[in-house]
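Structure file input.txt; described as compact mmCIF, C-alpha atoms.
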```
# COMPACT_ATOMS: atom_id res chain seq x y z
CA MET A 1 -7.41 14.45 -25.84
CA PRO A 2 -8.39 12.89 -22.48
CA LEU A 3 -8.29 9.14 -21.91
CA ALA A 4 -12.04 9.14 -21.32
CA LEU A 5 -12.44 9.43 -25.09
CA LEU A 6 -10.65 6.08 -25.37
CA ALA A 7 -13.42 4.46 -23.33
CA LEU A 8 -16.01 5.99 -25.65
CA ALA A 9 -14.05 4.78 -28.69
CA VAL A 10 -13.85 1.21 -27.31
CA SER A 11 -17.61 1.25 -26.82
CA ALA A 12 -18.09 2.55 -30.36
CA PHE A 13 -15.82 -0.26 -31.61
CA GLY A 14 -18.11 -2.87 -30.08
CA ILE A 15 -21.24 -1.18 -31.41
CA GLY A 16 -19.79 -0.85 -34.91
CA THR A 17 -18.71 -4.49 -34.95
CA THR A 18 -22.12 -5.88 -34.04
CA GLU A 19 -23.92 -3.48 -36.41
CA PHE A 20 -22.01 -4.43 -39.57
CA VAL A 21 -20.88 -8.02 -38.92
CA MET A 22 -24.30 -9.50 -39.64
CA MET A 23 -23.93 -8.62 -43.34
CA GLY A 24 -21.04 -11.08 -43.61
CA LEU A 25 -22.68 -13.78 -41.47
CA LEU A 26 -26.06 -13.99 -43.20
CA PRO A 27 -25.23 -17.22 -45.14
CA ASN A 28 -23.94 -18.92 -41.97
CA VAL A 29 -26.98 -17.90 -39.92
CA ALA A 30 -29.36 -18.97 -42.70
CA ASP A 31 -27.75 -22.43 -43.00
CA ASP A 32 -27.66 -23.00 -39.25
CA LEU A 33 -31.25 -21.91 -38.56
CA GLY A 34 -32.76 -23.43 -41.70
CA THR A 35 -33.92 -20.26 -43.42
CA SER A 36 -33.07 -18.37 -46.61
CA VAL A 37 -30.51 -15.59 -46.96
CA PRO A 38 -33.17 -12.96 -47.84
CA THR A 39 -35.13 -13.95 -44.75
CA ALA A 40 -31.98 -13.78 -42.65
CA GLY A 41 -31.60 -10.23 -43.95
CA TYR A 42 -34.40 -9.27 -41.56
CA LEU A 43 -31.75 -9.50 -38.83
CA VAL A 44 -30.12 -6.38 -40.28
CA SER A 45 -33.47 -4.62 -40.33
CA ALA A 46 -34.22 -5.70 -36.74
CA TYR A 47 -31.06 -4.00 -35.50
CA ALA A 48 -31.85 -0.83 -37.46
CA ILE A 49 -35.40 -0.75 -36.06
CA GLY A 50 -33.93 -1.08 -32.58
CA VAL A 51 -31.73 1.96 -33.22
CA VAL A 52 -34.58 4.07 -34.57
CA LEU A 53 -36.90 3.20 -31.66
CA GLY A 54 -34.32 3.18 -28.91
CA ALA A 55 -32.68 6.54 -29.63
CA PRO A 56 -35.60 8.79 -28.60
CA LEU A 57 -37.12 6.32 -26.10
CA LEU A 58 -34.04 5.60 -24.01
CA THR A 59 -32.73 9.15 -24.27
CA GLY A 60 -36.03 10.46 -22.94
CA LEU A 61 -36.21 7.92 -20.11
CA GLY A 62 -32.63 8.70 -19.10
CA SER A 63 -32.81 12.48 -19.41
CA ARG A 64 -32.36 12.94 -15.63
CA VAL A 65 -29.78 10.18 -15.16
CA PRO A 66 -26.15 11.32 -14.70
CA ARG A 67 -24.24 10.97 -17.95
CA LYS A 68 -21.68 8.42 -16.81
CA ARG A 69 -24.31 6.16 -15.26
CA MET A 70 -26.40 6.46 -18.41
CA LEU A 71 -23.47 5.34 -20.56
CA LEU A 72 -22.91 2.31 -18.33
CA LEU A 73 -26.58 1.34 -18.42
CA LEU A 74 -26.71 1.62 -22.20
CA MET A 75 -23.58 -0.47 -22.65
CA ALA A 76 -24.97 -3.07 -20.24
CA LEU A 77 -28.12 -3.31 -22.39
CA PHE A 78 -25.93 -3.66 -25.48
CA THR A 79 -24.00 -6.50 -23.84
CA VAL A 80 -27.19 -8.32 -22.81
CA GLY A 81 -28.56 -8.00 -26.35
CA ASN A 82 -25.48 -9.57 -27.90
CA LEU A 83 -25.41 -12.32 -25.28
CA ALA A 84 -29.08 -13.04 -26.03
CA SER A 85 -28.23 -13.21 -29.75
CA ALA A 86 -25.45 -15.73 -29.09
CA LEU A 87 -27.76 -17.97 -27.04
CA ALA A 88 -30.86 -17.60 -29.25
CA PRO A 89 -32.46 -21.05 -29.76
CA ASP A 90 -34.25 -20.14 -33.01
CA PHE A 91 -34.66 -17.40 -35.60
CA GLY A 92 -37.41 -15.57 -33.71
CA TRP A 93 -35.30 -15.26 -30.57
CA LEU A 94 -32.34 -14.08 -32.67
CA ILE A 95 -34.54 -11.33 -34.15
CA ALA A 96 -35.42 -10.27 -30.60
CA GLY A 97 -31.76 -10.33 -29.56
CA ARG A 98 -30.75 -8.14 -32.50
CA LEU A 99 -33.56 -5.70 -31.74
CA LEU A 100 -32.44 -5.52 -28.09
CA ALA A 101 -28.80 -4.97 -29.09
CA GLY A 102 -29.82 -2.11 -31.38
CA LEU A 103 -31.92 -0.24 -28.81
CA PRO A 104 -28.99 1.48 -26.98
CA HIS A 105 -27.05 2.32 -30.17
CA GLY A 106 -28.44 5.78 -30.93
CA ALA A 107 -28.86 6.78 -27.29
CA PHE A 108 -25.26 5.81 -26.51
CA PHE A 109 -23.82 7.89 -29.34
CA GLY A 110 -26.16 10.75 -28.47
CA VAL A 111 -25.10 10.83 -24.82
CA GLY A 112 -21.50 9.97 -25.72
CA ALA A 113 -21.22 12.90 -28.14
CA VAL A 114 -22.45 15.31 -25.46
CA VAL A 115 -19.99 13.84 -22.93
CA ALA A 116 -17.14 14.08 -25.45
CA THR A 117 -17.76 17.80 -25.95
CA ARG A 118 -17.73 18.32 -22.16
CA LEU A 119 -14.31 16.69 -21.85
CA VAL A 120 -12.41 19.16 -24.03
CA SER A 121 -11.98 22.89 -24.33
CA GLU A 122 -13.83 25.16 -26.74
CA GLY A 123 -12.62 24.77 -30.30
CA ARG A 124 -11.79 21.05 -29.99
CA GLN A 125 -15.28 19.67 -29.56
CA ALA A 126 -15.70 18.33 -33.10
CA ARG A 127 -12.34 16.57 -32.81
CA ALA A 128 -13.51 14.96 -29.57
CA VAL A 129 -16.68 13.65 -31.25
CA ALA A 130 -14.63 12.42 -34.22
CA THR A 131 -12.30 10.59 -31.83
CA MET A 132 -15.23 8.70 -30.37
CA PHE A 133 -16.39 7.81 -33.90
CA LEU A 134 -12.92 6.44 -34.66
CA GLY A 135 -13.98 3.33 -32.73
CA LEU A 136 -16.81 2.89 -35.22
CA THR A 137 -14.50 3.23 -38.20
CA VAL A 138 -11.78 0.97 -36.78
CA ALA A 139 -14.48 -1.65 -36.27
CA ASN A 140 -14.86 -1.76 -40.05
CA ILE A 141 -11.11 -2.24 -40.50
CA VAL A 142 -10.47 -4.82 -37.77
CA GLY A 143 -13.63 -5.80 -35.92
CA VAL A 144 -15.96 -6.71 -38.79
CA PRO A 145 -13.43 -8.71 -40.87
CA ALA A 146 -12.09 -10.54 -37.78
CA ALA A 147 -15.57 -11.26 -36.44
CA THR A 148 -16.66 -12.51 -39.86
CA LEU A 149 -13.72 -14.91 -40.07
CA LEU A 150 -14.41 -16.05 -36.51
CA GLY A 151 -18.06 -16.73 -37.34
CA GLN A 152 -17.15 -18.64 -40.48
CA HIS A 153 -14.75 -20.95 -38.62
CA LEU A 154 -16.28 -21.26 -35.12
CA GLY A 155 -19.90 -20.45 -35.84
CA TRP A 156 -21.87 -17.21 -35.75
CA ARG A 157 -22.69 -17.63 -32.06
CA ALA A 158 -18.99 -17.26 -31.22
CA THR A 159 -19.01 -13.86 -32.91
CA PHE A 160 -21.74 -12.51 -30.65
CA LEU A 161 -20.08 -13.96 -27.56
CA VAL A 162 -16.91 -12.04 -28.46
CA VAL A 163 -18.92 -8.85 -29.04
CA ALA A 164 -20.54 -9.31 -25.61
CA ALA A 165 -17.04 -9.59 -24.14
CA ILE A 166 -16.11 -6.32 -25.88
CA GLY A 167 -19.18 -4.78 -24.24
CA LEU A 168 -17.96 -5.85 -20.80
CA THR A 169 -14.51 -4.40 -21.57
CA ALA A 170 -16.11 -1.13 -22.64
CA MET A 171 -18.11 -0.97 -19.40
CA ALA A 172 -14.92 -1.39 -17.37
CA ALA A 173 -13.23 1.38 -19.38
CA LEU A 174 -16.20 3.72 -18.95
CA ALA A 175 -16.32 3.10 -15.21
CA ARG A 176 -12.59 3.72 -14.87
CA LEU A 177 -11.88 6.60 -17.25
CA VAL A 178 -15.02 8.71 -17.69
CA PRO A 179 -15.43 11.36 -14.98
CA ARG A 180 -18.72 12.05 -13.27
CA ILE A 181 -20.73 14.49 -15.37
CA PRO A 182 -23.98 15.61 -13.73
CA VAL A 183 -27.16 16.28 -15.66
CA GLU A 184 -27.69 19.92 -16.49
CA ALA A 185 -30.19 21.60 -14.19
CA HIS A 186 -32.46 22.52 -17.10
CA GLN A 187 -32.42 19.03 -18.62
CA ASP A 188 -35.85 17.43 -19.06
CA VAL A 189 -37.79 15.50 -21.68
CA ARG A 190 -40.07 18.36 -22.68
CA ARG A 191 -37.13 20.66 -23.31
CA GLU A 192 -35.44 17.97 -25.40
CA LEU A 193 -38.60 17.42 -27.46
CA ARG A 194 -38.94 21.16 -28.07
CA ALA A 195 -35.36 21.20 -29.34
CA LEU A 196 -36.33 18.67 -32.04
CA GLY A 197 -38.86 21.18 -33.36
CA ASN A 198 -36.09 23.61 -34.31
CA ARG A 199 -36.15 24.05 -38.09
CA GLN A 200 -32.37 23.75 -38.38
CA VAL A 201 -32.41 20.49 -36.39
CA ILE A 202 -35.09 19.03 -38.67
CA LEU A 203 -33.17 20.05 -41.79
CA GLY A 204 -29.99 18.57 -40.32
CA LEU A 205 -31.73 15.24 -39.71
CA LEU A 206 -33.13 15.25 -43.25
CA THR A 207 -29.64 15.94 -44.59
CA ALA A 208 -28.39 12.88 -42.73
CA VAL A 209 -31.21 10.69 -44.05
CA PHE A 210 -30.67 11.59 -47.72
CA GLY A 211 -26.95 12.34 -47.78
CA PHE A 212 -25.78 9.28 -45.86
CA ALA A 213 -28.21 7.06 -47.76
CA GLY A 214 -25.96 7.62 -50.75
CA VAL A 215 -23.15 5.80 -48.92
CA PHE A 216 -25.24 2.77 -47.99
CA ALA A 217 -26.79 2.46 -51.42
CA VAL A 218 -23.33 1.19 -52.43
CA TYR A 219 -21.92 -0.22 -49.19
CA SER A 220 -24.83 -2.63 -48.76
CA TYR A 221 -23.91 -4.32 -52.06
CA LEU A 222 -20.15 -3.84 -51.97
CA SER A 223 -19.54 -7.55 -51.41
CA ALA A 224 -21.56 -8.47 -54.50
CA MET A 225 -19.89 -5.71 -56.54
CA THR A 226 -16.48 -7.08 -55.54
CA THR A 227 -17.13 -10.46 -57.15
CA LYS A 228 -19.63 -9.62 -59.89
CA ALA A 229 -18.42 -6.22 -61.14
CA MET A 230 -14.79 -5.81 -60.04
CA GLY A 231 -13.90 -9.39 -60.92
CA PHE A 232 -12.25 -10.29 -57.59
CA GLY A 233 -12.66 -13.65 -55.87
CA GLU A 234 -14.68 -14.20 -52.69
CA SER A 235 -11.48 -14.21 -50.64
CA SER A 236 -10.97 -10.55 -51.58
CA VAL A 237 -14.25 -9.39 -50.04
CA THR A 238 -12.66 -8.99 -46.61
CA LEU A 239 -9.87 -6.87 -48.11
CA VAL A 240 -12.32 -4.60 -49.92
CA LEU A 241 -14.41 -4.12 -46.75
CA ALA A 242 -11.22 -3.34 -44.82
CA LEU A 243 -10.25 -0.72 -47.43
CA PHE A 244 -13.66 0.88 -47.01
CA GLY A 245 -13.03 0.95 -43.25
CA ILE A 246 -9.63 2.59 -43.79
CA GLY A 247 -11.35 5.28 -45.84
CA MET A 248 -13.91 5.79 -43.06
CA THR A 249 -11.09 6.23 -40.53
CA LEU A 250 -9.24 8.75 -42.70
CA GLY A 251 -12.48 10.64 -43.21
CA ALA A 252 -13.16 10.76 -39.47
CA LEU A 253 -9.63 12.00 -38.76
CA ALA A 254 -10.00 14.79 -41.31
CA ALA A 255 -13.56 15.73 -40.35
CA GLY A 256 -12.76 16.66 -36.73
CA PRO A 257 -10.37 19.61 -37.26
CA LEU A 258 -12.15 20.72 -40.44
CA THR A 259 -15.50 20.86 -38.63
CA ASP A 260 -13.97 22.81 -35.74
CA ARG A 261 -12.66 25.32 -38.28
CA ALA A 262 -15.68 25.60 -40.61
CA LEU A 263 -18.71 23.40 -39.97
CA ARG A 264 -21.00 24.12 -42.91
CA PRO A 265 -18.25 24.29 -45.58
CA THR A 266 -17.02 20.89 -44.36
CA LEU A 267 -20.55 19.49 -44.70
CA TYR A 268 -21.04 20.99 -48.16
CA GLY A 269 -17.63 19.82 -49.34
CA SER A 270 -18.04 16.25 -48.09
CA LEU A 271 -21.52 15.85 -49.62
CA GLY A 272 -20.37 17.33 -52.91
CA ALA A 273 -17.30 15.08 -52.98
CA LEU A 274 -19.50 12.07 -52.15
CA ALA A 275 -21.73 12.80 -55.14
CA VAL A 276 -18.70 13.08 -57.44
CA VAL A 277 -17.16 9.81 -56.18
CA LEU A 278 -20.45 7.98 -56.67
CA VAL A 279 -20.80 9.25 -60.24
CA VAL A 280 -17.23 8.24 -61.13
CA PHE A 281 -17.37 4.86 -59.34
CA PRO A 282 -19.21 2.86 -62.09
CA PHE A 283 -16.66 3.98 -64.71
CA THR A 284 -13.66 2.74 -62.69
CA VAL A 285 -15.08 -0.48 -61.31
CA HIS A 286 -13.60 -2.63 -64.09
CA VAL A 287 -10.03 -1.36 -63.46
CA PRO A 288 -8.88 -3.23 -60.31
CA TRP A 289 -6.52 -0.64 -58.83
CA ALA A 290 -8.87 2.26 -59.65
CA ALA A 291 -11.82 0.40 -58.13
CA LEU A 292 -9.92 -0.12 -54.87
CA VAL A 293 -8.95 3.56 -54.75
CA MET A 294 -12.58 4.55 -55.24
CA VAL A 295 -13.64 2.24 -52.39
CA VAL A 296 -11.24 4.07 -50.04
CA LEU A 297 -12.46 7.46 -51.29
CA LEU A 298 -16.08 6.40 -50.87
CA GLY A 299 -15.49 5.47 -47.24
CA GLY A 300 -13.53 8.68 -46.63
CA VAL A 301 -15.88 11.29 -48.08
CA GLY A 302 -18.93 9.36 -46.90
CA PHE A 303 -17.86 9.33 -43.28
CA MET A 304 -16.66 12.93 -43.38
CA THR A 305 -20.34 13.90 -43.35
CA THR A 306 -21.06 12.34 -39.95
CA THR A 307 -19.09 14.70 -37.66
CA PRO A 308 -20.40 18.00 -39.10
CA LEU A 309 -23.95 16.62 -39.10
CA GLN A 310 -23.56 15.53 -35.48
CA MET A 311 -22.18 18.91 -34.39
CA LEU A 312 -24.80 20.79 -36.42
CA VAL A 313 -27.81 19.24 -34.69
CA MET A 314 -26.11 19.56 -31.29
CA ASN A 315 -25.36 23.25 -31.86
CA LYS A 316 -28.83 24.06 -33.16
CA ALA A 317 -30.49 22.18 -30.30
CA LYS A 318 -28.67 24.61 -27.98
CA ASP A 319 -29.31 23.67 -24.35
CA ALA A 320 -30.95 20.32 -25.12
CA PRO A 321 -28.54 18.53 -27.47
CA THR A 322 -28.79 14.92 -26.22
CA LEU A 323 -32.05 13.86 -27.87
CA ALA A 324 -31.17 15.70 -31.07
CA SER A 325 -27.78 13.98 -31.13
CA ALA A 326 -29.35 10.57 -30.53
CA SER A 327 -32.00 11.20 -33.16
CA ASN A 328 -29.22 11.90 -35.62
CA HIS A 329 -28.22 8.23 -35.33
CA SER A 330 -31.80 7.24 -35.96
CA ALA A 331 -31.53 9.33 -39.12
CA PHE A 332 -28.30 7.53 -40.07
CA ASN A 333 -29.99 4.16 -39.68
CA LEU A 334 -32.97 5.29 -41.73
CA ALA A 335 -30.36 6.25 -44.31
CA ASN A 336 -28.87 2.76 -44.06
CA ALA A 337 -32.22 1.10 -44.63
CA GLY A 338 -33.40 3.53 -47.31
CA GLY A 339 -30.14 3.49 -49.25
CA ALA A 340 -29.97 -0.31 -49.20
CA TRP A 341 -33.60 -0.56 -50.36
CA LEU A 342 -33.20 1.91 -53.24
CA GLY A 343 -29.95 0.30 -54.32
CA GLY A 344 -31.69 -3.09 -54.34
CA VAL A 345 -34.53 -1.67 -56.42
CA ALA A 346 -32.01 -0.48 -59.03
CA ILE A 347 -30.37 -3.91 -59.20
CA ALA A 348 -33.72 -5.70 -59.39
CA ALA A 349 -34.75 -3.41 -62.25
CA GLY A 350 -31.86 -4.81 -64.28
CA TRP A 351 -29.74 -1.66 -64.27
CA GLY A 352 -26.59 -3.55 -63.29
CA TRP A 353 -24.54 -4.14 -60.16
CA THR A 354 -23.00 -0.66 -60.25
CA SER A 355 -26.35 1.13 -60.59
CA PRO A 356 -26.64 1.69 -56.80
CA ALA A 357 -23.76 4.16 -57.13
CA LEU A 358 -25.78 6.41 -59.43
CA VAL A 359 -28.78 6.10 -57.11
CA GLY A 360 -26.47 7.09 -54.27
CA ALA A 361 -25.25 10.12 -56.23
CA VAL A 362 -28.83 11.38 -56.57
CA LEU A 363 -29.36 10.89 -52.84
CA ALA A 364 -26.12 12.73 -52.01
CA VAL A 365 -27.09 15.68 -54.22
CA THR A 366 -30.49 15.77 -52.50
CA GLY A 367 -28.77 15.86 -49.12
CA LEU A 368 -26.48 18.66 -50.35
CA ALA A 369 -29.50 20.65 -51.55
CA ILE A 370 -31.18 20.31 -48.15
CA ALA A 371 -27.95 21.32 -46.37
CA ALA A 372 -27.53 24.36 -48.65
CA THR A 373 -31.15 25.39 -48.02
CA ALA A 374 -30.59 25.10 -44.28
CA GLY A 375 -27.44 27.22 -44.55
CA TYR A 376 -29.26 29.90 -46.55
CA LEU A 377 -32.10 30.04 -44.02
CA ASP A 378 -29.60 30.11 -41.17
CA ARG A 379 -27.82 33.12 -42.68
CA GLY A 380 -31.15 34.90 -43.07
CA GLU A 381 -32.06 34.21 -39.45
CA GLY A 382 -28.61 35.38 -38.36
CA LYS A 383 -28.95 38.67 -40.25
CA ALA A 384 -32.38 39.26 -38.75
CA SER A 385 -31.02 38.58 -35.27
CA ARG A 386 -28.14 41.02 -35.82
CA VAL A 387 -30.53 43.74 -37.01
CA VAL A 388 -32.71 43.27 -33.92
CA ALA A 389 -29.65 43.29 -31.67
CA ALA A 390 -28.28 46.43 -33.31
CA HIS A 391 -31.65 48.19 -32.99
CA SER A 392 -31.94 47.30 -29.33
CA ALA A 393 -28.42 48.59 -28.74
CA ILE A 394 -29.30 52.17 -29.87
CA PRO A 395 -29.62 54.31 -26.72
CA ALA A 396 -32.98 55.92 -26.04
CA ARG A 397 -33.26 59.62 -26.92
CA PRO A 398 -32.97 61.67 -23.73
CA ALA A 399 -36.02 63.59 -22.57
CA ALA A 400 -36.16 67.20 -23.65
CA THR A 401 -34.86 69.63 -21.02
CA PRO A 402 -37.25 72.39 -19.96
CA ALA A 403 -36.80 75.68 -21.76
CA ARG A 404 -34.93 78.37 -19.91
CA PRO A 405 -37.25 81.20 -18.65
CA ALA A 406 -37.19 84.01 -21.12
CA PHE A 407 -38.20 86.91 -18.87
CA GLU A 408 -36.66 88.60 -15.88
CA ASP A 409 -39.33 87.54 -13.40
CA GLY A 410 -38.60 83.87 -14.08
CA THR A 411 -41.77 83.24 -16.08
CA ASP A 412 -42.51 82.61 -19.69
CA THR A 413 -44.98 85.49 -19.92
CA PRO A 414 -44.19 89.15 -20.37
CA ASP A 415 -46.05 90.50 -17.30
CA GLY A 416 -45.68 87.83 -14.70
CA PRO A 417 -47.76 84.78 -13.82
CA ASP A 418 -50.96 86.76 -13.26
CA SER A 419 -50.86 88.69 -16.47
CA PRO A 420 -54.01 88.31 -18.56
CA VAL A 421 -51.85 87.97 -21.63
CA GLY A 422 -49.73 85.23 -20.14
CA ALA A 423 -51.30 82.65 -22.39
CA GLN A 424 -50.88 84.69 -25.53
CA PRO A 425 -48.45 83.41 -28.10
CA VAL A 426 -46.86 86.83 -28.55
CA ARG A 427 -43.80 87.15 -26.30
CA ARG A 428 -41.89 90.30 -25.48
CA PHE A 429 -38.29 89.44 -24.75
CA ARG A 430 -36.21 91.63 -22.48
CA THR A 431 -33.76 93.96 -24.08
CA ARG A 432 -30.23 93.63 -22.99
CA THR A 433 -28.21 96.86 -23.03
CA ARG A 434 -24.55 96.76 -23.71
CA THR A 435 -22.28 99.42 -22.23
CA THR A 436 -19.32 100.38 -24.27
CA ARG A 437 -16.29 101.45 -22.32
CA ALA A 438 -14.38 104.19 -23.99
CA SER A 439 -10.78 103.57 -24.56
CA GLY A 440 -8.74 104.91 -21.69
CA SER A 441 -11.74 105.84 -19.47
```
Can the structure in the file be given as structure tokens, please?
Amino acid sequence: MPLALLALAVSAFGIGTTEFVMMGLLPNVADDLGTSVPTAGYLVSAYAIGVVLGAPLLTGLGSRVPRKRMLLLLMALFTVGNLASALAPDFGWLIAGRLLAGLPHGAFFGVGAVVATRLVSEGRQARAVATMFLGLTVANIVGVPAATLLGQHLGWRATFLVVAAIGLTAMAALARLVPRIPVEAHQDVRRELRALGNRQVILGLLTAVFGFAGVFAVYSYLSAMTTKAMGFGESSVTLVLALFGIGMTLGALAAGPLTDRALRPTLYGSLGALAVVLVVFPFTVHVPWAALVMVVLLGGVGFMTTTPLQMLVMNKAKDAPTLASASNHSAFNLANAGGAWLGGVAIAAGWGWTSPALVGAVLAVTGLAIAATAGYLDRGEGKASRVVAAHSAIPARPAATPARPAFEDGTDTPDGPDSPVGAQPVRRFRTRTRTTRASGS
């Protein structure tokens, strides 16, 4: 794997840290800015809205910008957004800073995934994309817990200053390690938008929305489950989140080679395994060691879905994969918001702190059903294409050769071209005589 993927992974590390760290800093932000924790939760939504809006908007605006320059511009916007968050004088400005920091998220991963596939040979493209995503998973092991501790001891503003510094480091790595990759000659906004109309792309995005929502139905309330259902103390929350991040990393490592080998079976298997883990999770939550194992498994099978989904929409978008790839991250963030909302509805209904897991299982099964439907339709389209190709490959029947003249004068009539009976259907064929040579003569 080329070193340029390291630069993409460092960038993903910074993005993953700022995306998830706010969940652990909500009480600190609420106390400092004089608001409630539920109100501070709008900061999570602001970032997600930025991702959903920024992915298609920035990808479209940068469709003719060379890929390396586009990555640098997006990371610069990310850095400015985090710096603005650190210096925000009040809650309103912090909302704006979080929205600004979220804008480049989807576009960066969309462009970065396309760049990653250009850096490696055929057959290793999914592994390259998974390597970039490793930065996102490592952020949940190291970045989020460390940034949370930093914010708790030095204030939440220090966290965003550090994330801005990571953004500057990522820009330096991108400038140094990523080669110049020109924009494809056929690249334009209209072509990208047409690619989104592909039925397989739409079904892939819907699979991401429903399937990945199953993960965030639980992950959004994992901290509360740790103390209220598992029976651990507050000091163990960081450990549980780190275990989830370890599972995400293991899932990303496994997803790359598996997706290169068999894309759709990897997607089906990961969604099916996710549904099973979510169903089993409530029954193991009261056994400490089993609960921790299930947290790792949840992170692993949940994140195994991301690489095949990313490669699926890129492959089906054909010559215009960037916007489809970026839109996939909009779908993931819709999944984050939708899963968290549905999980919260289950808790508010009095179904218990583990009820989001069962809600997530239903969402994962729905995603699997959509993925299976897409696979069935894809096979049907493939068979139809092969039939058309086979039919077009059959050589045309050669033109009939003219009949050999039947009569001695070279015409097809018995008495020559001027014969009055030349047009009659009755034909008198010449008689061929055969001479028999006597033996010995």
statement: Of A:Trp93, A:Thr354, A:Thr18, A:Met230, the one sitting nearest Val287 in chain A when using only C-alpha atoms is A:Met230
message: Given only C-alpha atoms as the basis, pick out the residue of A:Pro182, A:Gly214, A:Gly112, A:Gly269 nearest to Leu334 in chain A.
response: A:Gly214
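Residue nearest Gly360 in chain A within the list A:Ala146, A:Val237, A:Ala213, A:Ile141: A:Ala213 [criterion: smallest interatomic distance, only C-alpha atoms].
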field: Residues within 8 Å of Leu83 in chain A, all atoms listed in the file, excluding chain neighbours under 6 positions, as a list in words
entry: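 In the requested form, the answer reads Gly97, Phe160, Leu161 and Ala164 of chain A.
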Output C-alpha atoms of each residue in that selection to a file, as a PDB file, in the coordinates of the input.
```
ATOM      1  CA  GLY A  97     -31.760 -10.330 -29.560  1.00  0.00           C
ATOM      2  CA  PHE A 160     -21.740 -12.510 -30.650  1.00  0.00           C
ATOM      3  CA  LEU A 161     -20.080 -13.960 -27.560  1.00  0.00           C
ATOM      4  CA  ALA A 164     -20.540  -9.310 -25.610  1.00  0.00           C
TER       5      ALA A 164
END
```
task: Figure out the distance between CA of Ala30 in chain A and CA of Val345 in chain A, please, to one decimal in Å.
output: 22.7 Å
task: Quote the spacing between CA of Ser223 in chain A and CA of Leu154 in chain A in Å to one decimal place.
output: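 Spanning CA of Ser223 in chain A to CA of Leu154 in chain A is a straight-line distance of 21.5 Å.
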query: If we count only C-alpha atoms, what is near Met22 in chain A at a cut-off of 9 Å, once residues fewer than 4 positions away on the same chain are taken out, given as number ranges by chain?
result: A: 17-18, 26, 29, 41, 43-44, 144, 148, 156
statement: Arg118 in chain A proximity check over A:Leu134, A:Ala101, A:Leu71, A:Val178, using all atoms listed in the file: winner is A:Val178
field: Selected residue of minimal separation from Asn82 in chain A among A:Leu61, A:Leu119, A:Leu150, A:Ala165, counting only C-alpha atoms
entry: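 Closest to Asn82 in chain A, using only C-alpha atoms: A:Ala165.
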- prompt: In Å, how far is it from CA of Ala275 in chain A to CA of Ala371 in chain A?
  reply: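 Here the two named atoms are 13.7 Å from each other.
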Find the residues near Met132 in chain A: any atom within 9 Å, counting all atoms listed in the file, skip ones fewer than 4 places away on the same chain, and give them as a tab-separated table (two decimals) with C-alpha atoms, in the coordinates of the input.
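What ended up in result-v5.tsv:
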```tsv
chain	number	residue	atom	x	y	z
A	5	LEU	CA	-12.44	9.43	-25.09
A	6	LEU	CA	-10.65	6.08	-25.37
A	7	ALA	CA	-13.42	4.46	-23.33
A	8	LEU	CA	-16.01	5.99	-25.65
A	9	ALA	CA	-14.05	4.78	-28.69
A	10	VAL	CA	-13.85	1.21	-27.31
A	11	SER	CA	-17.61	1.25	-26.82
A	12	ALA	CA	-18.09	2.55	-30.36
A	109	PHE	CA	-23.82	7.89	-29.34
A	112	GLY	CA	-21.50	9.97	-25.72
A	113	ALA	CA	-21.22	12.90	-28.14
A	116	ALA	CA	-17.14	14.08	-25.45
A	127	ARG	CA	-12.34	16.57	-32.81
A	128	ALA	CA	-13.51	14.96	-29.57
A	136	LEU	CA	-16.81	2.89	-35.22
```
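The nearest approach to Leu100 in chain A among the residues A:Gly135, A:Val215, A:Pro56, A:Ile49, with all atoms listed in the file taken into account, belongs to A:Ile49.
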Distance query 9 Å from (-28.1, 8.9, -35.9) using all atoms listed in the file, result as a compact mmCIF listing (two decimals) with C-alpha atoms, in the frame of the given file:
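out.txt written:
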```
# COMPACT_ATOMS: atom_id res chain seq x y z
CA VAL A 51 -31.73 1.96 -33.22
CA VAL A 52 -34.58 4.07 -34.57
CA ALA A 55 -32.68 6.54 -29.63
CA HIS A 105 -27.05 2.32 -30.17
CA GLY A 106 -28.44 5.78 -30.93
CA ALA A 107 -28.86 6.78 -27.29
CA PHE A 109 -23.82 7.89 -29.34
CA GLY A 110 -26.16 10.75 -28.47
CA LEU A 205 -31.73 15.24 -39.71
CA ALA A 208 -28.39 12.88 -42.73
CA VAL A 209 -31.21 10.69 -44.05
CA THR A 306 -21.06 12.34 -39.95
CA GLN A 310 -23.56 15.53 -35.48
CA ALA A 324 -31.17 15.70 -31.07
CA SER A 325 -27.78 13.98 -31.13
CA ALA A 326 -29.35 10.57 -30.53
CA SER A 327 -32.00 11.20 -33.16
CA ASN A 328 -29.22 11.90 -35.62
CA HIS A 329 -28.22 8.23 -35.33
CA SER A 330 -31.80 7.24 -35.96
CA ALA A 331 -31.53 9.33 -39.12
CA PHE A 332 -28.30 7.53 -40.07
CA ASN A 333 -29.99 4.16 -39.68
CA LEU A 334 -32.97 5.29 -41.73
```
query: Counting all atoms listed in the file, what is within 9 Å of Tyr268 in chain A, bar same-chain residues fewer than 3 positions away, as a list in words?
result: Leu263, Arg264, Pro265, Leu271, Gly272, Ala273, Thr305, Leu368, Ala371 and Ala372 of chain A
- request: Would you mind listing what lies within 7 Å of range 72-80 of chain A as a ChimeraX atom specification, with only C-alpha atoms counted and same-chain residues fewer than 6 positions away left out?
  value: /A:101,104,108,164,167-168,171,174
Box for range 125-143 of chain A - axis-aligned, 8 Å on each of the six sides, all listed atoms - centre and size in Å to one decimal, as AutoDock Vina command-line options.
```
--center_x -13.6 --center_y 6.9 --center_z -35.0 --size_x 22.3 --size_y 41.5 --size_z 26.9
```
